[in-house]
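S.K.: Next up is a structure, given as structure tokens.
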Amino acid sequence: PSGALSPAPGSCGDPCGCALVCRRHRGRFYSFVMSALVAQAGSLALNLVSGVGVVLANKLVFTTARFSFPTALTACHYATNFLLLLCLDVVRPSAESRRGGGAEPLDRQLMFLTAVWAFHNALSNLSLSRNSVGLYQVSKILVTPLIVALEYAVYRRLPHARLALPLLGACLGVALATVSDVSFEVRGALTAAASACASALLKVLQQDVLQRRDWSSLELMRRTWGPQTLLLVLSVPLLDARADRLPQYEPTAERVGILLLSCAAAFALNVSALYAIKLTSAIAIVLLSQGKTAVTLLGGYLFFDGQPNVRQLGGATIAVLSLGTYSYLSATLGGAAGAAPSSQRGEDPPTEAESAREQQQPLKGGDA
């Protein structure tokens, strides 16, 4: 019968149906892109705010509280944060606690991640103490290309070609805005290089564990921060130049309050950083960390009495614009991959019944 040859609704032979399907997929695409942009922007903004809070709180620790032991302060952060995680686990037990079997022992990947994490913290403090601020900033900027090289070597994965220019612009802008006096000394340069490599490796490992195992940031912290705290406590006598004076430190109510404020800010920073890494990528969180100084320079110039020179102001502007472009393109490219039309993925077009069901449901973004 002639009716058997008529095109099904929604197929390529039905122009009205094709138009309906295309509009639906366009709506899904835009919905996915907007939700991805909001989620990424929220996580990165939370990390930015908490990062500034840690800087201000630590400044109070070193000046008002007169606690001049940076490695011991990091150990305090991890110890108090680990105790807070244990308290949260009592209030809201994790999956392992609900099963009654306790946390599983650390496998080789988690043991390696724990060691790199603690080693990275120690190296970062050591690099800052042995180098000028300029060389220290250079080592931080090198983390981004090191992450790209590491991901390609291990996963054969490279950033999208459209992200190359924003990445280059962000690194160049941060360099112009922050790097000034670069004094080179062999021991300090080797420490800075080791710190940059450890930082890149740490970010890639964190991203891999969070995304492959589908863990929350709190879960990863709960699994690894106990051993990290122990390693940091053991490293205090080796890394703090005045560690012998630590027993003579006199805590007061004001000093303890400032230390607890610093620990709370550090907890917010670590949770937001891991959440942002899982939601975005290791490169995105490193770029955000590097861009904090650029944002501070621009904010001081626009709203306060900051007087950066032309090179610093231009570099900060380039960095901020590049970071914004990178975030937008990342979300757009991710949305295009997750919300591609079914005809482009080799799938059959929806039947009439499926189309009717879809019209009765709100549009949702697909998985990236």
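Labeling convention for the structure tokens: chains A, B, ... as they appear, residues from 1 per chain, ligands from 1 in order of appearance.
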Can you list, as a PyMOL selection string, every protein, DNA or RNA residue that comes within 9 Å of stretch 208-211 of chain A when you count only C-alpha atoms, leaving out same-chain residues fewer than 2 positions away?

M.R.: chain A and resi 109-110+203-206+213-217+220+274-275+277-279

S.K.: Would you mind exporting N, CA and C atoms of the selected residues as a PDB file, in the first residue's frame?

M.R.:
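The resulting file, out_1.pdb, is shown below:
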ATOM      1  N   GLN A 109      47.259   3.610  43.879  1.00  0.00           N
ATOM      2  CA  GLN A 109      47.049   4.946  43.334  1.00  0.00           C
ATOM      3  C   GLN A 109      46.810   5.965  44.432  1.00  0.00           C
ATOM      4  N   LEU A 110      45.986   5.604  45.438  1.00  0.00           N
ATOM      5  CA  LEU A 110      45.706   6.535  46.526  1.00  0.00           C
ATOM      6  C   LEU A 110      46.936   6.743  47.406  1.00  0.00           C
ATOM      7  N   LYS A 203      47.640  17.636  40.478  1.00  0.00           N
ATOM      8  CA  LYS A 203      46.368  18.035  39.883  1.00  0.00           C
ATOM      9  C   LYS A 203      45.836  16.957  38.931  1.00  0.00           C
ATOM     10  N   VAL A 204      46.712  16.338  38.154  1.00  0.00           N
ATOM     11  CA  VAL A 204      46.279  15.288  37.230  1.00  0.00           C
ATOM     12  C   VAL A 204      45.778  14.071  38.004  1.00  0.00           C
ATOM     13  N   LEU A 205      46.468  13.696  39.075  1.00  0.00           N
ATOM     14  CA  LEU A 205      46.041  12.555  39.890  1.00  0.00           C
ATOM     15  C   LEU A 205      44.703  12.842  40.567  1.00  0.00           C
ATOM     16  N   GLN A 206      44.536  14.047  41.090  1.00  0.00           N
ATOM     17  CA  GLN A 206      43.268  14.396  41.726  1.00  0.00           C
ATOM     18  C   GLN A 206      42.119  14.330  40.731  1.00  0.00           C
ATOM     19  N   ARG A 213      36.482   7.555  39.711  1.00  0.00           N
ATOM     20  CA  ARG A 213      35.792   6.877  40.810  1.00  0.00           C
ATOM     21  C   ARG A 213      34.498   7.562  41.207  1.00  0.00           C
ATOM     22  N   ASP A 214      34.231   8.722  40.598  1.00  0.00           N
ATOM     23  CA  ASP A 214      33.019   9.484  40.882  1.00  0.00           C
ATOM     24  C   ASP A 214      32.903   9.782  42.379  1.00  0.00           C
ATOM     25  N   TRP A 215      34.003  10.237  42.962  1.00  0.00           N
ATOM     26  CA  TRP A 215      34.025  10.596  44.371  1.00  0.00           C
ATOM     27  C   TRP A 215      33.742  12.071  44.545  1.00  0.00           C
ATOM     28  N   SER A 216      33.222  12.410  45.714  1.00  0.00           N
ATOM     29  CA  SER A 216      33.104  13.816  46.081  1.00  0.00           C
ATOM     30  C   SER A 216      34.448  14.292  46.632  1.00  0.00           C
ATOM     31  N   SER A 217      34.595  15.613  46.724  1.00  0.00           N
ATOM     32  CA  SER A 217      35.833  16.155  47.272  1.00  0.00           C
ATOM     33  C   SER A 217      36.016  15.736  48.730  1.00  0.00           C
ATOM     34  N   LEU A 220      37.446  12.111  48.916  1.00  0.00           N
ATOM     35  CA  LEU A 220      38.872  12.031  48.647  1.00  0.00           C
ATOM     36  C   LEU A 220      39.682  12.577  49.823  1.00  0.00           C
ATOM     37  N   LEU A 274      38.922  20.889  44.955  1.00  0.00           N
ATOM     38  CA  LEU A 274      38.669  19.524  44.475  1.00  0.00           C
ATOM     39  C   LEU A 274      37.348  19.443  43.723  1.00  0.00           C
ATOM     40  N   TYR A 275      36.338  20.171  44.191  1.00  0.00           N
ATOM     41  CA  TYR A 275      35.052  20.180  43.490  1.00  0.00           C
ATOM     42  C   TYR A 275      35.206  20.792  42.104  1.00  0.00           C
ATOM     43  N   ILE A 277      37.989  20.896  40.314  1.00  0.00           N
ATOM     44  CA  ILE A 277      38.767  19.992  39.481  1.00  0.00           C
ATOM     45  C   ILE A 277      37.876  18.904  38.894  1.00  0.00           C
ATOM     46  N   LYS A 278      36.990  18.345  39.726  1.00  0.00           N
ATOM     47  CA  LYS A 278      36.087  17.296  39.227  1.00  0.00           C
ATOM     48  C   LYS A 278      35.131  17.846  38.190  1.00  0.00           C
ATOM     49  N   LEU A 279      34.635  19.060  38.396  1.00  0.00           N
ATOM     50  CA  LEU A 279      33.635  19.632  37.498  1.00  0.00           C
ATOM     51  C   LEU A 279      34.260  20.188  36.229  1.00  0.00           C
TER      52      LEU A 279
END

S.K.: Counting only C-alpha atoms, which residues of stretch 121-149 of chain A sit at most 8 Å from some atom of stretch 162-176 of chain A, and what is each one's closest atom pair with its distance in Å to one decimal, listed by chain and rising residue number, as a tab-separated table?

M.R.:
residue	atom	partner	partner_atom	distance
A:Gln137	CA	A:Ala175	CA	7.7
A:Val138	CA	A:Ala175	CA	7.1
A:Ile141	CA	A:Cys171	CA	6.2
A:Thr144	CA	A:Cys171	CA	7.9

S.K.: Restricted to N, CA and C atoms, what would the selected residues look like written as an mmCIF file, in the first residue's frame?

M.R.:
data_model
loop_
_atom_site.group_PDB
_atom_site.id
_atom_site.type_symbol
_atom_site.label_atom_id
_atom_site.label_comp_id
_atom_site.auth_asym_id
_atom_site.auth_seq_id
_atom_site.Cartn_x
_atom_site.Cartn_y
_atom_site.Cartn_z
ATOM 1 N N GLN A 137 56.961 32.641 40.981
ATOM 2 C CA GLN A 137 55.820 32.819 40.090
ATOM 3 C C GLN A 137 56.041 32.106 38.758
ATOM 4 N N VAL A 138 57.261 32.120 38.253
ATOM 5 C CA VAL A 138 57.559 31.410 37.012
ATOM 6 C C VAL A 138 57.290 29.916 37.166
ATOM 7 N N ILE A 141 53.619 29.326 36.918
ATOM 8 C CA ILE A 141 53.109 29.435 35.548
ATOM 9 C C ILE A 141 53.446 28.184 34.737
ATOM 10 N N THR A 144 50.952 24.844 34.159
ATOM 11 C CA THR A 144 49.968 24.633 33.087
ATOM 12 C C THR A 144 50.534 23.831 31.917
#

S.K.: In terms of the shortest atom-to-atom distance over only C-alpha atoms, which of A:Thr332, A:Gln207, A:Gln312, A:Gln228 is closest to A:Ser281?

M.R.: A:Gln207

S.K.: Any idea what the distance is between atom CA of A:Phe67 and atom CA of A:Ala265?

M.R.: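 Separation of atom CA of A:Phe67 and atom CA of A:Ala265: 16.5 Å.
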
S.K.: I'd like the interatomic distance between atom CA of A:His77 and atom CA of A:Cys263, to a tenth of an Å.

M.R.: 4.8 Å

S.K.: Stretch 151-160 of chain A: which residues within 9 Å, counting only C-alpha atoms, same-chain residues fewer than 5 positions away excluded, as number ranges by chain?

M.R.: A: 146, 204, 330, 333

S.K.: Tell me which protein, DNA and RNA residues are within 12 Å of A:Val116, counting only C-alpha atoms, leaving out same-chain ones fewer than 2 positions away, and put them as an MDAnalysis selection string.

M.R.: chainID A and resid 109:114 118:124 194:206 224:225 227:228 231:232

S.K.: Take the residues from that selection and write them out as a PDB file, in the first residue's frame, keeping C-alpha atoms.

M.R.:
ATOM      1  CA  GLN A 109      47.049   4.946  43.334  1.00  0.00           C
ATOM      2  CA  LEU A 110      45.706   6.535  46.526  1.00  0.00           C
ATOM      3  CA  MET A 111      48.969   5.861  48.370  1.00  0.00           C
ATOM      4  CA  PHE A 112      50.869   7.527  45.550  1.00  0.00           C
ATOM      5  CA  LEU A 113      48.429  10.454  45.524  1.00  0.00           C
ATOM      6  CA  THR A 114      48.779  10.875  49.295  1.00  0.00           C
ATOM      7  CA  ALA A 118      52.163  15.886  51.142  1.00  0.00           C
ATOM      8  CA  PHE A 119      55.399  16.157  49.147  1.00  0.00           C
ATOM      9  CA  HIS A 120      53.884  18.965  47.050  1.00  0.00           C
ATOM     10  CA  ASN A 121      52.970  21.016  50.130  1.00  0.00           C
ATOM     11  CA  ALA A 122      56.472  20.676  51.534  1.00  0.00           C
ATOM     12  CA  LEU A 123      58.126  21.522  48.206  1.00  0.00           C
ATOM     13  CA  SER A 124      55.929  24.582  47.704  1.00  0.00           C
ATOM     14  CA  ALA A 194      60.512  19.946  41.449  1.00  0.00           C
ATOM     15  CA  SER A 195      57.649  21.928  43.013  1.00  0.00           C
ATOM     16  CA  ALA A 196      56.128  22.665  39.584  1.00  0.00           C
ATOM     17  CA  CYS A 197      56.353  18.998  38.546  1.00  0.00           C
ATOM     18  CA  ALA A 198      54.799  17.842  41.826  1.00  0.00           C
ATOM     19  CA  SER A 199      51.978  20.380  41.476  1.00  0.00           C
ATOM     20  CA  ALA A 200      51.169  19.264  37.907  1.00  0.00           C
ATOM     21  CA  LEU A 201      51.268  15.585  38.884  1.00  0.00           C
ATOM     22  CA  LEU A 202      49.051  16.242  41.904  1.00  0.00           C
ATOM     23  CA  LYS A 203      46.368  18.035  39.883  1.00  0.00           C
ATOM     24  CA  VAL A 204      46.279  15.288  37.230  1.00  0.00           C
ATOM     25  CA  LEU A 205      46.041  12.555  39.890  1.00  0.00           C
ATOM     26  CA  GLN A 206      43.268  14.396  41.726  1.00  0.00           C
ATOM     27  CA  THR A 224      43.928  10.635  52.202  1.00  0.00           C
ATOM     28  CA  TRP A 225      44.267  13.413  54.771  1.00  0.00           C
ATOM     29  CA  PRO A 227      48.365   9.937  56.292  1.00  0.00           C
ATOM     30  CA  GLN A 228      49.075  13.388  54.841  1.00  0.00           C
ATOM     31  CA  LEU A 231      53.760  13.144  56.872  1.00  0.00           C
ATOM     32  CA  LEU A 232      53.450  16.903  57.372  1.00  0.00           C
TER      33      LEU A 232
END

S.K.: Pick out the closest residue to A:Ala241 from this set: A:Leu126, A:Ala268, A:Leu48, A:Leu259. Count only C-alpha atoms.

M.R.: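 Ranking A:Leu126, A:Ala268, A:Leu48, A:Leu259 by distance to A:Ala241, first place goes to A:Leu126.
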
S.K.: Which value, in Å to one decimal, gives the distance between atom CA of A:Thr178 and atom CA of A:Ile285?

M.R.: 18.0 Å

S.K.: Would you please extract all alpha helix (DSSP H) residues from stretch 46-191 of chain A, as assigned by DSSP on the backbone, and give them as number ranges by chain?

M.R.: A: 46-63, 70-91, 95-99, 108-130, 133-141, 143-155, 164-178, 186-191

S.K.: Excluding same-chain residues fewer than 3 positions from A:Ala266, what lies within 12 Å of it counting only C-alpha atoms, as number ranges by chain?

M.R.: A: 47, 49-58, 73-82, 84, 259-263, 269-273

S.K.: Nearest residue to A:Ala319 out of A:Leu86, A:Ala243, A:Ala177, A:Val91, using only C-alpha atoms?

M.R.: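 Closest residue, counting only C-alpha atoms: A:Ala177.
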